[in-house]
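Text of model-v7.txt, listed as compact mmCIF, C-alpha atoms:
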```txt
# COMPACT_ATOMS: atom_id res chain seq x y z
CA MET A 1 -187.93 -85.10 1.84
CA THR A 2 -190.73 -83.25 0.11
CA VAL A 3 -193.63 -84.60 -1.91
CA THR A 4 -191.88 -83.50 -5.10
CA ASP A 5 -188.84 -85.57 -4.06
CA TYR A 6 -191.03 -88.62 -3.53
CA TYR A 7 -192.56 -88.26 -6.99
CA GLU A 8 -189.11 -87.79 -8.54
CA ILE A 9 -187.77 -90.89 -6.79
CA LEU A 10 -190.49 -92.94 -8.49
CA GLY A 11 -190.00 -91.06 -11.78
CA LEU A 12 -193.53 -89.64 -11.77
CA SER A 13 -195.23 -86.30 -12.13
CA ALA A 14 -197.20 -84.76 -9.25
CA SER A 15 -200.46 -85.48 -11.05
CA SER A 16 -199.90 -89.25 -11.12
CA SER A 17 -202.72 -91.61 -10.18
CA ILE A 18 -202.54 -94.31 -7.52
CA ASP A 19 -202.27 -96.99 -10.22
CA GLU A 20 -199.33 -95.15 -11.79
CA ILE A 21 -197.64 -94.90 -8.37
CA LYS A 22 -198.11 -98.64 -7.80
CA LYS A 23 -196.78 -99.52 -11.23
CA ALA A 24 -193.73 -97.27 -10.84
CA TYR A 25 -193.01 -98.70 -7.40
CA ARG A 26 -193.09 -102.28 -8.61
CA SER A 27 -190.72 -101.60 -11.49
CA LYS A 28 -188.29 -99.50 -9.40
CA ALA A 29 -188.39 -101.97 -6.48
CA ARG A 30 -187.45 -104.79 -8.82
CA LEU A 31 -184.73 -102.69 -10.43
CA TYR A 32 -183.07 -101.63 -7.16
CA HIS A 33 -183.68 -104.58 -4.83
CA PRO A 34 -180.25 -105.49 -3.40
CA ASP A 35 -180.82 -109.15 -4.27
CA ILE A 36 -181.00 -108.28 -7.96
CA ASN A 37 -178.93 -105.10 -8.24
CA PRO A 38 -175.30 -105.48 -7.06
CA ALA A 39 -174.63 -101.70 -7.10
CA PRO A 40 -173.37 -100.33 -3.77
CA ASP A 41 -176.17 -97.76 -3.57
CA ALA A 42 -178.96 -100.19 -4.52
CA LYS A 43 -180.03 -100.79 -0.91
CA ASP A 44 -180.29 -97.07 -0.14
CA ARG A 45 -182.19 -96.40 -3.36
CA PHE A 46 -184.53 -99.30 -2.61
CA ILE A 47 -185.23 -97.87 0.85
CA CYS A 48 -185.96 -94.42 -0.63
CA ILE A 49 -188.26 -95.94 -3.26
CA THR A 50 -190.22 -97.86 -0.61
CA GLU A 51 -190.48 -94.78 1.61
CA ALA A 52 -191.71 -92.68 -1.31
CA TYR A 53 -194.27 -95.31 -2.27
CA GLU A 54 -195.64 -95.63 1.27
CA PHE A 55 -195.94 -91.87 1.68
CA LEU A 56 -197.62 -91.26 -1.67
CA ILE A 57 -200.12 -94.12 -1.26
CA ALA A 58 -200.99 -93.16 2.33
CA ASN A 59 -201.40 -89.44 1.56
CA HIS A 60 -202.51 -89.32 -2.09
CA GLU A 61 -205.83 -87.56 -1.40
CA LYS A 62 -204.35 -85.20 1.21
CA ILE A 63 -201.62 -84.09 -1.18
CA ASN A 64 -204.17 -83.10 -3.81
CA SER A 65 -206.74 -81.61 -1.40
CA GLY A 66 -205.08 -78.40 -0.27
CA ASP A 67 -202.34 -76.65 1.70
CA GLU A 68 -203.62 -77.25 5.24
CA ALA A 69 -204.30 -80.95 4.72
CA TYR A 70 -200.96 -81.30 2.94
CA GLN A 71 -199.03 -79.61 5.77
CA LYS A 72 -200.76 -81.80 8.35
CA ALA A 73 -199.99 -84.92 6.32
CA MET A 74 -196.32 -83.99 6.00
CA GLU A 75 -195.99 -83.26 9.73
CA GLU A 76 -197.73 -86.51 10.67
CA TRP A 77 -195.54 -88.44 8.23
CA ARG A 78 -192.34 -87.01 9.59
CA LYS A 79 -193.29 -87.80 13.18
CA TYR A 80 -194.46 -91.37 12.79
CA ARG A 81 -194.42 -93.06 9.44
CA GLN A 82 -191.09 -91.97 8.01
CA HIS A 83 -189.08 -93.83 10.65
CA ARG A 84 -191.36 -96.89 10.43
CA SER A 85 -191.23 -96.85 6.65
CA GLY A 86 -187.45 -96.66 6.69
CA GLN A 87 -187.24 -99.65 9.05
CA GLN A 88 -189.63 -101.67 6.91
CA ALA A 89 -187.78 -100.80 3.71
CA ASN A 90 -184.51 -101.78 5.39
CA ALA A 91 -186.01 -105.16 6.31
CA TYR A 92 -187.22 -105.66 2.73
CA ALA A 93 -183.77 -104.74 1.44
CA ARG A 94 -182.15 -107.39 3.67
CA ALA A 95 -184.66 -110.05 2.57
CA SER A 96 -184.25 -112.04 -0.62
CA TYR A 97 -186.04 -110.69 -3.65
CA ILE A 98 -188.31 -113.75 -3.80
CA ARG A 99 -189.38 -113.17 -0.18
CA PHE A 100 -189.92 -109.47 -0.91
CA ARG A 101 -191.95 -110.30 -4.02
CA ASN A 102 -194.29 -112.41 -1.89
CA SER A 103 -194.75 -109.65 0.70
CA LYS A 104 -197.94 -107.65 1.11
CA GLN A 105 -195.99 -104.50 0.22
CA TYR A 106 -195.09 -105.75 -3.24
CA LYS A 107 -198.43 -107.40 -3.92
CA ALA A 108 -200.27 -104.21 -2.98
CA GLY A 109 -198.65 -102.56 -6.00
CA ARG A 110 -200.37 -104.84 -8.49
CA VAL A 111 -202.16 -102.87 -11.15
CA PHE A 112 -204.58 -105.64 -12.13
CA ASP A 113 -206.82 -106.08 -9.14
CA LEU A 114 -208.92 -109.25 -9.31
CA ALA A 115 -211.84 -107.59 -7.52
CA ARG A 116 -212.04 -104.89 -10.22
CA ILE A 117 -211.92 -107.51 -12.95
CA ILE A 118 -214.70 -109.57 -11.37
CA PHE A 119 -216.77 -106.41 -10.91
CA GLY A 120 -216.32 -105.55 -14.62
CA LEU A 121 -217.31 -109.06 -15.67
CA THR A 122 -220.40 -108.93 -13.46
CA ILE A 123 -221.49 -105.54 -14.85
CA SER A 124 -221.03 -106.70 -18.45
CA VAL A 125 -223.06 -109.88 -17.87
CA LEU A 126 -225.81 -107.86 -16.16
CA ILE A 127 -225.93 -105.43 -19.10
CA LEU A 128 -226.26 -108.32 -21.56
CA ILE A 129 -228.93 -110.15 -19.54
CA ASN A 130 -231.00 -106.99 -18.93
CA THR A 131 -230.73 -105.99 -22.59
CA ILE A 132 -231.93 -109.37 -23.83
CA LEU A 133 -234.77 -109.55 -21.29
CA GLY A 134 -235.76 -105.95 -22.03
CA PHE A 135 -235.83 -106.64 -25.76
CA ILE A 136 -238.01 -109.74 -25.27
CA VAL A 137 -240.47 -107.72 -23.16
CA LYS A 138 -240.57 -104.87 -25.72
CA VAL A 139 -241.22 -107.29 -28.59
CA LYS A 140 -243.86 -109.21 -26.64
CA TYR A 141 -245.62 -106.08 -25.30
CA PRO A 142 -244.97 -103.27 -27.81
CA GLU A 143 -245.86 -99.69 -26.87
CA GLU A 144 -247.03 -97.16 -29.40
CA GLY A 145 -244.86 -94.12 -30.03
CA TYR A 146 -241.53 -95.72 -29.17
CA GLY A 147 -240.79 -97.20 -32.56
CA ASN A 148 -238.61 -100.20 -33.19
CA PRO A 149 -236.52 -101.35 -30.18
CA VAL A 150 -233.96 -103.11 -32.41
CA ILE A 151 -231.57 -100.12 -32.60
CA VAL A 152 -231.44 -99.73 -28.82
CA PHE A 153 -231.06 -103.50 -28.47
CA ILE A 154 -228.10 -103.57 -30.85
CA LEU A 155 -226.41 -100.62 -29.09
CA MET A 156 -226.87 -102.14 -25.64
CA ILE A 157 -225.63 -105.56 -26.80
CA LEU A 158 -222.61 -103.83 -28.33
CA LEU A 159 -221.97 -101.96 -25.06
CA GLY A 160 -222.28 -105.20 -23.08
CA PHE A 161 -219.82 -106.98 -25.35
CA ILE A 162 -217.36 -104.08 -25.15
CA PHE A 163 -217.43 -104.29 -21.33
CA LEU A 164 -217.17 -108.07 -21.46
CA THR A 165 -214.24 -108.01 -23.90
CA THR A 166 -212.40 -105.38 -21.87
CA SER A 167 -212.90 -107.35 -18.66
CA LEU A 168 -211.71 -110.56 -20.30
CA ILE A 169 -208.60 -108.82 -21.64
CA TYR A 170 -207.78 -107.56 -18.13
CA LEU A 171 -208.48 -111.02 -16.70
CA LYS A 172 -206.10 -112.58 -19.21
CA ALA A 173 -203.38 -110.04 -18.36
CA TYR A 174 -203.95 -110.63 -14.64
CA LEU A 175 -203.65 -114.40 -15.04
CA GLU A 176 -200.48 -114.07 -17.17
CA GLU A 177 -198.94 -111.74 -14.60
CA SER A 178 -199.83 -114.18 -11.82
CA ARG A 179 -198.22 -117.05 -13.72
CA LYS A 180 -195.06 -115.02 -14.28
CA HIS A 181 -194.78 -114.28 -10.57
CA LYS A 182 -195.31 -117.92 -9.63
CA LYS A 183 -192.54 -119.02 -12.01
CA LYS A 184 -189.99 -116.54 -10.63
```
Serialized structure, structure tokens:
Amino acid sequence: MTVTDYYEILGLSASSSIDEIKKAYRSKARLYHPDINPAPDAKDRFICITEAYEFLIANHEKINSGDEAYQKAMEEWRKYRQHRSGQQANAYARASYIRFRNSKQYKAGRVFDLARIIFGLTISVLILINTILGFIVKVKYPEEGYGNPVIVFILMILLGFIFLTTSLIYLKAYLEESRKHKKK
């Protein structure tokens, strides 16, 4: 198979990001897992989807870097990983969907990464704290020629709240997605 085939299997364009690859894999894996899909070709499609996902995730930077790196990645993949990926996908296809859903393979495809959400929350809180402390210092020890710090204060508080709100929205979506997976 070629890189183009792998992208087509997941229903993506060649310029897709890692997050888009993960999202497409999760939806296609659920759609074609033999436990859920009774079609005779579901197992083979599931194996192809898993193989495509593993290749694209492992070689995403190499694919976009240039011809020599791409050729080396394809040769390396054909020699080692393609067979291993096929075996692993075959094992996932034989397993129940619930067991597959709890596997590292499936969980690695999660779009909402808790570490990113916590990082966003931390940055937003730091922006808010530094803005408030900076404003207090500017009011207490004013400097001539800089004017009124209220405008900058308002803009920085607004920026901090935008980051905080965005992070909280992602946290809420992450928690809802986690609850859905625990119920299934």
Rows by chain and residue number, segment 128-171 of chain A within 8 Å of segment 118-123 of chain A, shortest pair, only C-alpha atoms, as a Markdown table:
```
| residue | atom | partner | partner_atom | distance |
| --- | --- | --- | --- | --- |
| A:Phe163 | CA | A:Gly120 | CA | 6.9 |
| A:Leu164 | CA | A:Leu121 | CA | 5.9 |
| A:Ser167 | CA | A:Gly120 | CA | 5.6 |
| A:Leu168 | CA | A:Leu121 | CA | 7.4 |
```
- Message: I want to know what sits within 7 Å of segment 155-161 of chain A, based on all atoms listed in the file, with residues of the same chain fewer than 6 positions away left out; could you give that as a ChimeraX atom specification?
- Response: /A:124,127-128,131
- Message: Which residues are close to segment 44-54 of chain A, i.e. within 8 Å by all atoms listed in the file, leaving aside same-chain residues fewer than 2 positions away? Reply as a list in words.
- Response: Tyr6, Tyr7, Ile9, Leu10, Ile21, Lys22, Tyr25, Lys28, Ala29, Tyr32, His33, Pro34, Asp41, Ala42, Leu56, Ile57, Ala58, Gln82, Ser85, Gly86, Ala89, Asn90 and Ala93 of chain A
With all atoms listed in the file counted, which protein, DNA or RNA residues have an atom no more than 7 Å from (-198.4, -81.3, -9.4) in the file frame? Please answer as a PDB file with C-alpha atoms, in the coordinates of the input.
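Contents of the output file selection12.pdb:
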```
ATOM      1  CA  SER A  13    -195.230 -86.300 -12.130  1.00  0.00           C
ATOM      2  CA  ALA A  14    -197.200 -84.760  -9.250  1.00  0.00           C
ATOM      3  CA  SER A  15    -200.460 -85.480 -11.050  1.00  0.00           C
TER       4      SER A  15
END
```
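The space between atom CA of Ile154 of chain A and atom CA of Val137 of chain A spans 15.1 Å.
The space between atom CA of Arg26 of chain A and atom CA of Ile162 of chain A spans 29.4 Å.
Taking atom CA of Ile129 of chain A as the reference point, atom CA of Leu114 of chain A is found at 22.5 Å.
Distances here use all atoms listed in the file; by that measure, the residue among A:Thr166, A:Lys23, A:Arg30, A:Glu8 closest to Ser96 of chain A is A:Arg30.
The smallest atom-to-atom distance between Met74 of chain A and any of A:Ile132, A:Ala115, A:Val139, A:Val3, using only C-alpha atoms, is found for A:Val3.
Nearest-residue note for Leu171 of chain A: choosing from A:Phe153, A:Arg116, A:Leu31, A:Val125, the minimum distance belongs to A:Arg116, counting all atoms listed in the file.
Nearest to His83 of chain A of all the residues A:Phe55, A:Ile36, A:Tyr141, A:Asp5 is A:Phe55, counting only C-alpha atoms.
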